[in-house]
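Everything below concerns the one structure shown next.
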2 protein chains.
Amino acid sequence: MNRISKRQRAGAAGRGARRRAAFLAAAREAFLAKGYAAATLDDVVRRSGGSRATLYKQFGDKAGLFAAIIAELCAEMTAPLREAGERPQARAPRAALLAFATAFMRVMMAPASLALYRLVVAEAGRFPELGRAVYRAGPKVAAARLAAYLRAGAAAGAFTAGDADLRARHFLEMVKGDLHFRALIGLGPQPSRREVDRCVRAAVDSLLNGISARPPSRASARRRRRAAAARGAS
Amino acid sequence: MNRISKRQRAGAAGRGARRRAAFLAAAREAFLAKGYAAATLDDVVRRSGGSRATLYKQFGDKAGLFAAIIAELCAEMTAPLREAGERPQARAPRAALLAFATAFMRVMMAPASLALYRLVVAEAGRFPELGRAVYRAGPKVAAARLAAYLRAGAAAGAFTAGDADLRARHFLEMVKGDLHFRALIGLGPQPSRREVDRCVRAAVDSLLNGISARPPSRASARRRRRAAAARGAS
DNA sequence: CCAGAAGTGTACTTGATAGTACACTGTGCG
DNA sequence: CGCACAGTGTACTATCAAGTACACTTCTGG
């Protein structure tokens, strides 16, 4: 299945490159679906329509093939996160955060992302590079973008002073909520768009306004500013 | 399963129970350290000091042994979460939340918890029951406890109206922050107690006060109340 | 102390899978 | 063309681990 037609059009990549792509596509499916240990090269070979020998020639061994997959996935993952919520400064904070969070969730909840996440968590022990690579390509990018926005907003007076990086990470975790974890372990069906939206809105609400019944007193605001300064200094 | 030894001596457990305990201890180490597929029963047998035959007699097969481990771990995990932050109503919201969050983090960041988390994420596909069991024993318990507290606080006028369950889950995710994820994939050393504390404090701050520079206007407070009511009704 | 249950050690079968060897075939370029 | 090389298919080895069989030993309760 999923066999790539052998005769591609003239403009297409060379024979080697075509094979390589077919291997990668098949391997991606296999690894994402079953994990590193349970995915078999036989399976990959069968699905790719190629042959064992060629696979070994191109990737060396199983780990090499795996590394190639991961590199590809990281590259793909980074793009949408970089673009998430274009030109945030042009919008009201609430709208900007909603847009960013929604884009983030779209990426995180995609089946391929969930599978990649599972893979990383399971195999980071065996492939230390893997964890670093995915972290750099995923959460770090998103958090950095959001933190930049929060810093700009704070400078413009829209937000209170505080550690923007920490807040960004907190916000993203909140947005993920436990919807992500539940999807990860296959609890119940995929959440509907409505549910995701509800979760995102609540996260934005919490981030912007908190849940205290009274607006912070002047004294507590001073306390918070001091605490923020201390954090910044350390 | 869960067979009670026929001869229960007054003080010590029977022979069977002792063996069983040794198997479980060895298997726990093996599974947590290597994951389901990579852990070998040979290894378990050697470490336990027992024999292959007895292991099979007691647990049936590898999956049976695994299930037994998980049940045990779930039971152990639930206890500290249930007790986390005793008698919260007696303290100021900030202190209560800090205490709860700190206890939560102590549980979540423990090496055994991290290993269990890895295992669950990796194997939930193969063992659907596993995901449900751990979710029930872990995050669900913590969120339920916290939600109850938030509801009580809201009733007492300390917090704004809103979906307490959602808030509780959001807060816990925030507290975990990316410290948990990074520990999970072995990025850098374990965070120091100071770092965890800083993360927890910031989360509590965000939850209570939000980051908006201006306290919510009367109009926006009304809007939020309306939204909360709509959420509650749906 | 004895009988039998429970546990042990070892050797075996079976099956899966990573990786290799090699002869054959299709492809593309001069 | 026709040659060289990349890719294919098949068969093979080696390894490793799950699960079984069985004769032997040790513990436990009466």
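In the structure tokens, chains take letters A, B, ... by order of appearance, with residues numbered from 1 within each chain and ligands from 1 in the order shown.
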**OP:** May I ask you to extract the residues of chain A within 10 Å of chain D, using only C-alpha atoms (C1' of nucleotides), and to give them as a VMD selection string?
**Re:** chain A and resid 15 to 16 19 49 to 55
Subject >> Over all C-alpha atoms paired in order - RMSD of chain A on chain B >> reply: 3.6 Å
Restrict the calculation to only C-alpha atoms (C1' of nucleotides), then for each residue of chain C with any atom at most 9 Å from an atom of chain A give the closest atom pair and their distance in Å to one decimal, rows by chain and rising residue number, as a tab-separated table.
residue	atom	partner	partner_atom	distance
C:DT17	C1'	A:Thr40	CA	7.2
C:DA18	C1'	A:Leu41	CA	8.2
C:DG19	C1'	A:Asp61	CA	8.1
C:DT20	C1'	A:Ala53	CA	8.9
C:DT27	C1'	A:Arg15	CA	8.7
N, CA, C and O atoms (P, O5', C5', C4', C3', O3' and C1' of nucleotides) of the current selection, written as a PDB file, in the first residue's frame:
ATOM      1  P    DT C  17       8.453  -8.484  14.224  1.00  0.00           P
ATOM      2  O5'  DT C  17       9.957  -7.988  14.076  1.00  0.00           O
ATOM      3  C5'  DT C  17      10.740  -7.832  15.234  1.00  0.00           C
ATOM      4  C4'  DT C  17      12.191  -7.696  14.847  1.00  0.00           C
ATOM      5  C3'  DT C  17      12.420  -6.986  13.504  1.00  0.00           C
ATOM      6  O3'  DT C  17      13.550  -6.160  13.661  1.00  0.00           O
ATOM      7  C1'  DT C  17      13.578  -8.980  13.548  1.00  0.00           C
ATOM      8  P    DA C  18      13.588  -4.726  12.994  1.00  0.00           P
ATOM      9  O5'  DA C  18      15.149  -4.408  13.029  1.00  0.00           O
ATOM     10  C5'  DA C  18      15.817  -4.383  14.278  1.00  0.00           C
ATOM     11  C4'  DA C  18      17.238  -4.846  14.082  1.00  0.00           C
ATOM     12  C3'  DA C  18      17.997  -4.118  12.984  1.00  0.00           C
ATOM     13  O3'  DA C  18      19.280  -3.759  13.489  1.00  0.00           O
ATOM     14  C1'  DA C  18      18.053  -6.470  12.603  1.00  0.00           C
ATOM     15  P    DG C  19      20.125  -2.696  12.726  1.00  0.00           P
ATOM     16  O5'  DG C  19      20.897  -3.603  11.668  1.00  0.00           O
ATOM     17  C5'  DG C  19      21.900  -4.491  12.174  1.00  0.00           C
ATOM     18  C4'  DG C  19      22.264  -5.475  11.109  1.00  0.00           C
ATOM     19  C3'  DG C  19      22.768  -4.885   9.789  1.00  0.00           C
ATOM     20  O3'  DG C  19      24.107  -5.338   9.596  1.00  0.00           O
ATOM     21  C1'  DG C  19      21.349  -6.718   9.440  1.00  0.00           C
ATOM     22  P    DT C  20      24.937  -4.988   8.271  1.00  0.00           P
ATOM     23  O5'  DT C  20      24.922  -6.372   7.487  1.00  0.00           O
ATOM     24  C5'  DT C  20      25.352  -7.552   8.143  1.00  0.00           C
ATOM     25  C4'  DT C  20      25.499  -8.662   7.133  1.00  0.00           C
ATOM     26  C3'  DT C  20      26.216  -8.291   5.831  1.00  0.00           C
ATOM     27  O3'  DT C  20      27.093  -9.366   5.500  1.00  0.00           O
ATOM     28  C1'  DT C  20      24.094  -9.183   5.329  1.00  0.00           C
ATOM     29  P    DT C  27      12.299   0.794 -15.417  1.00  0.00           P
ATOM     30  O5'  DT C  27      13.655   1.606 -15.364  1.00  0.00           O
ATOM     31  C5'  DT C  27      14.158   1.999 -14.091  1.00  0.00           C
ATOM     32  C4'  DT C  27      15.273   3.006 -14.300  1.00  0.00           C
ATOM     33  C3'  DT C  27      15.000   4.011 -15.418  1.00  0.00           C
ATOM     34  O3'  DT C  27      15.309   5.293 -14.893  1.00  0.00           O
ATOM     35  C1'  DT C  27      17.099   2.939 -15.767  1.00  0.00           C
TER      36       DT C  27
END
**OP:** Find, counting only C-alpha atoms, the residue in A:Leu184, A:Ala63, A:Ala133, A:Val45 that gets nearest to chain B.
**Re:** A:Leu184
**OP:** For chain B, work out the contacting residues on chain A at 6 Å, counting only C-alpha atoms, and write them as JSON, numbers by chain.
**Re:** {"A": [118, 121, 122, 124, 131, 158, 159, 160, 170, 173, 174, 177, 185, 207, 208, 209, 210, 211, 212, 213, 215]}
Could you save the residues just selected, with all heavy atoms, as a compact mmCIF listing (two decimals), in the first residue's frame?
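What ended up in out.txt:
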# COMPACT_ATOMS: atom_id res chain seq x y z
N ARG A 118 4.37 11.51 21.65
CA ARG A 118 4.49 10.19 22.28
C ARG A 118 5.87 9.60 22.04
O ARG A 118 6.51 9.07 22.94
CB ARG A 118 3.47 9.23 21.66
CG ARG A 118 2.15 9.24 22.35
CD ARG A 118 1.19 8.26 21.68
NE ARG A 118 -0.15 8.82 21.70
CZ ARG A 118 -0.87 9.13 20.65
NH1 ARG A 118 -0.41 8.89 19.44
NH2 ARG A 118 -2.04 9.67 20.79
N VAL A 121 8.60 11.44 24.06
CA VAL A 121 8.57 11.14 25.49
C VAL A 121 9.10 9.73 25.72
O VAL A 121 9.85 9.47 26.66
CB VAL A 121 7.14 11.29 26.03
CG1 VAL A 121 7.03 10.70 27.42
CG2 VAL A 121 6.74 12.75 26.04
N ALA A 122 8.71 8.82 24.85
CA ALA A 122 9.10 7.43 25.06
C ALA A 122 10.58 7.21 24.78
O ALA A 122 11.24 6.42 25.45
CB ALA A 122 8.26 6.51 24.18
N ALA A 124 13.19 9.58 24.37
CA ALA A 124 14.21 10.58 24.68
C ALA A 124 15.34 9.96 25.50
O ALA A 124 16.50 10.38 25.39
CB ALA A 124 13.59 11.76 25.43
N GLY A 131 15.17 14.60 22.10
CA GLY A 131 14.46 15.52 22.97
C GLY A 131 14.85 16.96 22.69
O GLY A 131 14.00 17.82 22.51
N ALA A 158 0.17 47.51 28.37
CA ALA A 158 -1.04 46.70 28.38
C ALA A 158 -1.00 45.64 29.48
O ALA A 158 -2.04 45.20 29.96
CB ALA A 158 -1.24 46.03 27.02
N PHE A 159 0.21 45.20 29.83
CA PHE A 159 0.32 44.15 30.84
C PHE A 159 1.15 44.63 32.02
O PHE A 159 1.97 45.53 31.88
CB PHE A 159 1.00 42.90 30.24
CG PHE A 159 0.35 42.41 28.99
CD1 PHE A 159 1.11 42.10 27.88
CD2 PHE A 159 -1.03 42.27 28.91
CE1 PHE A 159 0.51 41.65 26.71
CE2 PHE A 159 -1.63 41.82 27.75
CZ PHE A 159 -0.87 41.51 26.65
N THR A 160 0.94 43.97 33.14
CA THR A 160 1.78 44.28 34.29
C THR A 160 3.19 43.76 34.04
O THR A 160 3.40 42.91 33.16
CB THR A 160 1.23 43.59 35.55
OG1 THR A 160 1.16 42.18 35.29
CG2 THR A 160 -0.15 44.10 35.90
N HIS A 170 3.73 29.39 30.83
CA HIS A 170 2.55 29.06 31.63
C HIS A 170 1.29 29.11 30.78
O HIS A 170 0.43 28.23 30.86
CB HIS A 170 2.42 30.05 32.79
CG HIS A 170 3.23 29.63 33.97
ND1 HIS A 170 3.57 30.49 34.97
CD2 HIS A 170 3.78 28.45 34.30
CE1 HIS A 170 4.28 29.85 35.88
NE2 HIS A 170 4.42 28.61 35.47
N GLU A 173 0.97 26.14 28.46
CA GLU A 173 0.59 24.92 29.17
C GLU A 173 -0.90 24.95 29.50
O GLU A 173 -1.60 23.95 29.38
CB GLU A 173 1.38 24.79 30.48
CG GLU A 173 2.85 24.49 30.29
CD GLU A 173 3.09 23.12 29.66
OE1 GLU A 173 2.32 22.19 29.92
OE2 GLU A 173 4.05 23.00 28.88
N MET A 174 -1.34 26.12 29.89
CA MET A 174 -2.74 26.26 30.24
C MET A 174 -3.61 25.99 29.02
O MET A 174 -4.62 25.29 29.10
CB MET A 174 -2.97 27.69 30.74
CG MET A 174 -3.96 27.74 31.82
SD MET A 174 -4.09 29.31 32.70
CE MET A 174 -3.32 30.56 31.78
N GLY A 177 -3.90 22.58 28.28
CA GLY A 177 -4.81 22.04 29.28
C GLY A 177 -4.66 20.55 29.39
O GLY A 177 -3.62 20.00 29.03
N ILE A 185 -3.12 10.07 25.57
CA ILE A 185 -3.28 8.71 26.06
C ILE A 185 -4.59 8.10 25.58
O ILE A 185 -5.02 7.06 26.10
CB ILE A 185 -3.19 8.64 27.59
CG1 ILE A 185 -4.32 9.43 28.24
CG2 ILE A 185 -1.87 9.18 28.07
CD1 ILE A 185 -4.32 9.31 29.75
N LEU A 207 -5.45 34.23 32.12
CA LEU A 207 -4.19 34.94 31.96
C LEU A 207 -4.40 36.45 32.11
O LEU A 207 -3.65 37.13 32.80
CB LEU A 207 -3.58 34.67 30.58
CG LEU A 207 -2.26 35.41 30.38
CD1 LEU A 207 -1.16 34.76 31.22
CD2 LEU A 207 -1.83 35.44 28.93
N LEU A 208 -5.44 36.95 31.47
CA LEU A 208 -5.62 38.39 31.49
C LEU A 208 -6.12 38.90 32.84
O LEU A 208 -5.60 39.88 33.36
CB LEU A 208 -6.60 38.80 30.39
CG LEU A 208 -6.03 38.71 28.97
CD1 LEU A 208 -7.09 39.06 27.94
CD2 LEU A 208 -4.82 39.63 28.83
N ASN A 209 -7.10 38.22 33.38
CA ASN A 209 -7.79 38.81 34.52
C ASN A 209 -7.63 38.10 35.84
O ASN A 209 -7.97 38.65 36.88
CB ASN A 209 -9.28 38.91 34.20
CG ASN A 209 -9.52 39.79 33.00
OD1 ASN A 209 -8.84 40.81 32.83
ND2 ASN A 209 -10.43 39.40 32.15
N GLY A 210 -7.15 36.88 35.82
CA GLY A 210 -7.06 36.16 37.07
C GLY A 210 -8.45 35.84 37.59
O GLY A 210 -9.45 36.11 36.93
N ILE A 211 -8.48 35.28 38.79
CA ILE A 211 -9.78 34.88 39.31
C ILE A 211 -10.11 35.56 40.64
O ILE A 211 -11.15 35.30 41.22
CB ILE A 211 -9.85 33.35 39.51
CG1 ILE A 211 -8.90 32.91 40.61
CG2 ILE A 211 -9.53 32.63 38.21
CD1 ILE A 211 -9.08 31.46 40.98
N SER A 212 -9.22 36.42 41.12
CA SER A 212 -9.51 37.09 42.38
C SER A 212 -10.77 37.93 42.24
O SER A 212 -10.96 38.60 41.23
CB SER A 212 -8.34 37.99 42.78
OG SER A 212 -7.28 37.20 43.23
N ALA A 213 -11.59 37.91 43.26
CA ALA A 213 -12.84 38.65 43.19
C ALA A 213 -12.59 40.16 43.21
O ALA A 213 -13.25 40.92 42.53
CB ALA A 213 -13.74 38.25 44.34
N PRO A 215 -10.25 43.51 42.53
CA PRO A 215 -9.05 43.97 41.82
C PRO A 215 -7.93 44.11 42.84
O PRO A 215 -8.19 44.46 43.99
CB PRO A 215 -9.46 45.33 41.26
CG PRO A 215 -10.70 45.73 42.03
CD PRO A 215 -11.35 44.47 42.44
Original post:
Could you write out, as a VMD selection string, all the residues of segment 56-211 of chain A that DSSP marks as alpha helix (DSSP H)?
Top reply: chain A and resid 56 to 59 62 to 83 93 to 109 111 to 123 128 to 137 139 to 155 164 to 184 193 to 209
Original post:
In terms of the shortest atom-to-atom distance over only C-alpha atoms, which of A:Asp197, A:Ala30, A:Ala143, A:Asp165 is closest to Ala99 of chain A?
Top reply: A:Asp197
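Distances to Arg87 of chain A were evaluated for A:Ile70, A:Val107, A:Ala75, A:Ala152 using only C-alpha atoms, and the minimum falls at A:Ala152.
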**OP:** Tell me, in Å to one decimal, how far atom CA of Ala112 of chain A is from atom CA of Pro88 of chain A.
**Re:** 26.9 Å
